[in-house]
Amino acid sequence: MRIVRQVVNLFRESTFLAYREGAPGCVVIDPGAYAPEERDALLQLIRKNGLVPEAILLTHGHTDHIFFVKALQDMFGIPVYVSREDEPLFPYSVRTTRMLGLIPPETDFRRTDIADGQVIRAAGLSFTVIRTPGHSPGSSCFWERDERVMFTGDTLFAGTIGRTDLMLGEYDDEIRSIMDKLMPLDGDIRIYPGHGPESTIGTERTGNPMLEPWGEAETEAAETDALEIHGI
């Protein structure tokens with residue numbers, strides 16, 4: 001499995017491409033490219049690797065994660081998987097983006113609802129949905145079990161957790177989501193958050209100051225560059 005990370009927009013959001021080497025398809029996670037040059041760069045990466053997007057996975061509906069969703073869906077005719085619990089965030093994202101003096105994202109893309117435990121198959125990959133409400137009501141993580149990789153959006157970061165002071169955020173829900181659903185998983189699962197460097201479940205279990213210690217030996221978390229290709 002190959003993972004390409006592109007850091008985009010004012011909020012330094014991480015957009016990911018995930019694909020199997022030698023296979024034609026890819027999955028796009030949280031396409032937040034705002035500027036034309038950011039969008040062109042992502043499309044060039046797709047073309048350079050001979051890929052065709054087959055699905056978009058959204059960890060949640062905040063502005064910085066959805067800027068490029070509508071355009072990608074129109075280009076490739078692909079489904080967008082996101083929890084319907086985040087529907088109230090789409091008009092909110094438009095309002096808040098305008099308040100910042102930015103062009104708001106187009107939010108009239110077609111959406112496919114997701115459920116906890118559902119398996120989404122695309123581009124030869126299988127992502128198990130882990131619903132993790134807290135940062136937003138519909139926040140979700142996407143876990144590729146066979147590859148030991150999880151995209152955690154803004155639920156869990158390296159060394160911290162997602163903020164809950166935005167619209168419909170709920171701190172207690174977020175802590176329950178992380179402690180009940182993520183921390184019991186195997187420590188070697190590598191996490192790719194929506195902002196900042198990658199980490200592992202084990203590293204966060206023992207070294208994340210926002211979580212109570214679990215007593216597991218620490219493992220090293222490797223930082224990634226702004227745009228880097230990883231072989232898993």
# chains A, B, ... in the order shown; residues from 1 in each chain; ligands from 1
$ residues_around --residues "A:Pro193" --least-positions-apart "4" --cutoff "6 Å" --atoms "only C-alpha atoms" --output "list of chain:residue names"
A:Phe151, A:Thr152, A:Gly153, A:Phe157
$ select_by_dssp --residues "stretch 71-150 of chain A" --states "strand (DSSP E or B)" --output "VMD selection string"
chain A and resid 80 to 81 112 119 to 122 125 to 131 140 to 144 149 to 150
$ write_last_selection --atoms "N, CA and C atoms" --output "PDB file, in the first residue's frame"
ATOM      1  N   VAL A  80     -18.827   9.889  -2.385  1.00  0.00           N
ATOM      2  CA  VAL A  80     -18.224  10.550  -1.228  1.00  0.00           C
ATOM      3  C   VAL A  80     -18.844   9.935   0.018  1.00  0.00           C
ATOM      4  N   TYR A  81     -18.022   9.286   0.826  1.00  0.00           N
ATOM      5  CA  TYR A  81     -18.493   8.617   2.031  1.00  0.00           C
ATOM      6  C   TYR A  81     -18.273   9.515   3.244  1.00  0.00           C
ATOM      7  N   THR A 112     -22.757   9.677   0.500  1.00  0.00           N
ATOM      8  CA  THR A 112     -23.175   8.336   0.882  1.00  0.00           C
ATOM      9  C   THR A 112     -22.912   8.169   2.375  1.00  0.00           C
ATOM     10  N   VAL A 119     -17.696  -1.719   6.062  1.00  0.00           N
ATOM     11  CA  VAL A 119     -16.463  -1.859   5.296  1.00  0.00           C
ATOM     12  C   VAL A 119     -16.668  -1.228   3.925  1.00  0.00           C
ATOM     13  N   ILE A 120     -15.825  -0.275   3.586  1.00  0.00           N
ATOM     14  CA  ILE A 120     -15.869   0.404   2.293  1.00  0.00           C
ATOM     15  C   ILE A 120     -14.740  -0.163   1.439  1.00  0.00           C
ATOM     16  N   ARG A 121     -15.091  -0.734   0.293  1.00  0.00           N
ATOM     17  CA  ARG A 121     -14.094  -1.336  -0.597  1.00  0.00           C
ATOM     18  C   ARG A 121     -13.946  -0.485  -1.852  1.00  0.00           C
ATOM     19  N   ALA A 122     -12.723  -0.077  -2.106  1.00  0.00           N
ATOM     20  CA  ALA A 122     -12.424   0.726  -3.287  1.00  0.00           C
ATOM     21  C   ALA A 122     -10.938   0.630  -3.579  1.00  0.00           C
ATOM     22  N   LEU A 125      -8.647  -1.749  -1.790  1.00  0.00           N
ATOM     23  CA  LEU A 125      -8.450  -1.560  -0.353  1.00  0.00           C
ATOM     24  C   LEU A 125      -9.790  -1.730   0.358  1.00  0.00           C
ATOM     25  N   SER A 126      -9.719  -2.060   1.634  1.00  0.00           N
ATOM     26  CA  SER A 126     -10.933  -2.249   2.435  1.00  0.00           C
ATOM     27  C   SER A 126     -10.802  -1.438   3.721  1.00  0.00           C
ATOM     28  N   PHE A 127     -11.652  -0.436   3.868  1.00  0.00           N
ATOM     29  CA  PHE A 127     -11.598   0.451   5.021  1.00  0.00           C
ATOM     30  C   PHE A 127     -12.775   0.173   5.949  1.00  0.00           C
ATOM     31  N   THR A 128     -12.464  -0.164   7.188  1.00  0.00           N
ATOM     32  CA  THR A 128     -13.499  -0.319   8.204  1.00  0.00           C
ATOM     33  C   THR A 128     -13.783   1.042   8.830  1.00  0.00           C
ATOM     34  N   VAL A 129     -15.055   1.411   8.882  1.00  0.00           N
ATOM     35  CA  VAL A 129     -15.454   2.682   9.474  1.00  0.00           C
ATOM     36  C   VAL A 129     -15.500   2.537  10.995  1.00  0.00           C
ATOM     37  N   ILE A 130     -14.811   3.430  11.672  1.00  0.00           N
ATOM     38  CA  ILE A 130     -14.906   3.522  13.132  1.00  0.00           C
ATOM     39  C   ILE A 130     -15.491   4.891  13.448  1.00  0.00           C
ATOM     40  N   ARG A 131     -16.735   4.920  13.861  1.00  0.00           N
ATOM     41  CA  ARG A 131     -17.386   6.188  14.182  1.00  0.00           C
ATOM     42  C   ARG A 131     -16.819   6.718  15.495  1.00  0.00           C
ATOM     43  N   SER A 140     -15.318  10.306  11.931  1.00  0.00           N
ATOM     44  CA  SER A 140     -15.090   8.880  11.707  1.00  0.00           C
ATOM     45  C   SER A 140     -13.631   8.648  11.354  1.00  0.00           C
ATOM     46  N   CYS A 141     -13.138   7.462  11.695  1.00  0.00           N
ATOM     47  CA  CYS A 141     -11.810   7.031  11.283  1.00  0.00           C
ATOM     48  C   CYS A 141     -11.970   5.907  10.269  1.00  0.00           C
ATOM     49  N   PHE A 142     -10.996   5.782   9.381  1.00  0.00           N
ATOM     50  CA  PHE A 142     -11.027   4.754   8.340  1.00  0.00           C
ATOM     51  C   PHE A 142      -9.809   3.854   8.511  1.00  0.00           C
ATOM     52  N   TRP A 143     -10.069   2.589   8.809  1.00  0.00           N
ATOM     53  CA  TRP A 143      -9.023   1.642   9.198  1.00  0.00           C
ATOM     54  C   TRP A 143      -8.859   0.577   8.123  1.00  0.00           C
ATOM     55  N   GLU A 144      -7.678   0.541   7.523  1.00  0.00           N
ATOM     56  CA  GLU A 144      -7.337  -0.538   6.588  1.00  0.00           C
ATOM     57  C   GLU A 144      -6.659  -1.627   7.418  1.00  0.00           C
ATOM     58  N   VAL A 149      -3.148   0.422   8.972  1.00  0.00           N
ATOM     59  CA  VAL A 149      -3.141   1.863   8.762  1.00  0.00           C
ATOM     60  C   VAL A 149      -4.524   2.422   9.087  1.00  0.00           C
ATOM     61  N   MET A 150      -4.553   3.600   9.729  1.00  0.00           N
ATOM     62  CA  MET A 150      -5.823   4.247  10.023  1.00  0.00           C
ATOM     63  C   MET A 150      -5.715   5.751   9.767  1.00  0.00           C
TER      64      MET A 150
END
$ closest_residue --among "A:Ile29, A:Glu87, A:Glu147, A:Leu43" --to "A:Gly124" --atoms "only C-alpha atoms"
A:Glu147
$ select_by_dssp --residues "stretch 23-79 of chain A" --states "alpha helix (DSSP H)" --output "NGL selection string"
:A and (36-48 or 69-76)
$ write_last_selection --atoms "C-alpha atoms" --output "mmCIF file, in the first residue's frame"
data_model
loop_
_atom_site.group_PDB
_atom_site.id
_atom_site.type_symbol
_atom_site.label_atom_id
_atom_site.label_comp_id
_atom_site.auth_asym_id
_atom_site.auth_seq_id
_atom_site.Cartn_x
_atom_site.Cartn_y
_atom_site.Cartn_z
ATOM 1 C CA PRO A 36 -5.617 26.348 -7.793
ATOM 2 C CA GLU A 37 -1.962 25.371 -7.515
ATOM 3 C CA GLU A 38 -2.791 22.950 -4.687
ATOM 4 C CA ARG A 39 -5.515 21.357 -6.765
ATOM 5 C CA ASP A 40 -3.253 21.130 -9.793
ATOM 6 C CA ALA A 41 -0.539 19.508 -7.669
ATOM 7 C CA LEU A 42 -2.914 16.809 -6.432
ATOM 8 C CA LEU A 43 -4.192 16.087 -9.933
ATOM 9 C CA GLN A 44 -0.631 15.886 -11.206
ATOM 10 C CA LEU A 45 0.197 13.353 -8.499
ATOM 11 C CA ILE A 46 -2.793 11.287 -9.535
ATOM 12 C CA ARG A 47 -1.807 11.399 -13.198
ATOM 13 C CA LYS A 48 1.899 10.868 -12.520
ATOM 14 C CA VAL A 69 -14.598 17.442 -2.765
ATOM 15 C CA LYS A 70 -17.218 18.734 -5.188
ATOM 16 C CA ALA A 71 -14.736 19.331 -8.016
ATOM 17 C CA LEU A 72 -13.196 15.861 -7.640
ATOM 18 C CA GLN A 73 -16.587 14.203 -7.602
ATOM 19 C CA ASP A 74 -17.594 16.086 -10.745
ATOM 20 C CA MET A 75 -14.341 15.131 -12.497
ATOM 21 C CA PHE A 76 -14.403 11.429 -11.689
#
$ closest_residue --among "A:Pro79, A:Gly162, A:Gly61, A:Gly101" --to "A:Gly138" --atoms "only C-alpha atoms"
A:Gly61
$ closest_residue --among "A:Asp180, A:Arg148, A:Pro24, A:Glu170" --to "A:Thr200" --atoms "only C-alpha atoms"
A:Arg148
$ closest_residue --among "A:Gly134, A:Pro105, A:Gly50, A:Pro91" --to "A:Phe67" --atoms "only C-alpha atoms"
A:Pro105
$ residues_around --residues "A:Ala35" --least-positions-apart "6" --cutoff "10 Å" --atoms "only C-alpha atoms" --output "list in words"
Val8, Asn9, Leu10, Ala41, Phe67, Phe68 and Ile103 of chain A
$ atom_distance --atom1 "atom CA of A:Gly32" --atom2 "atom CA of A:His135"
17.4 Å
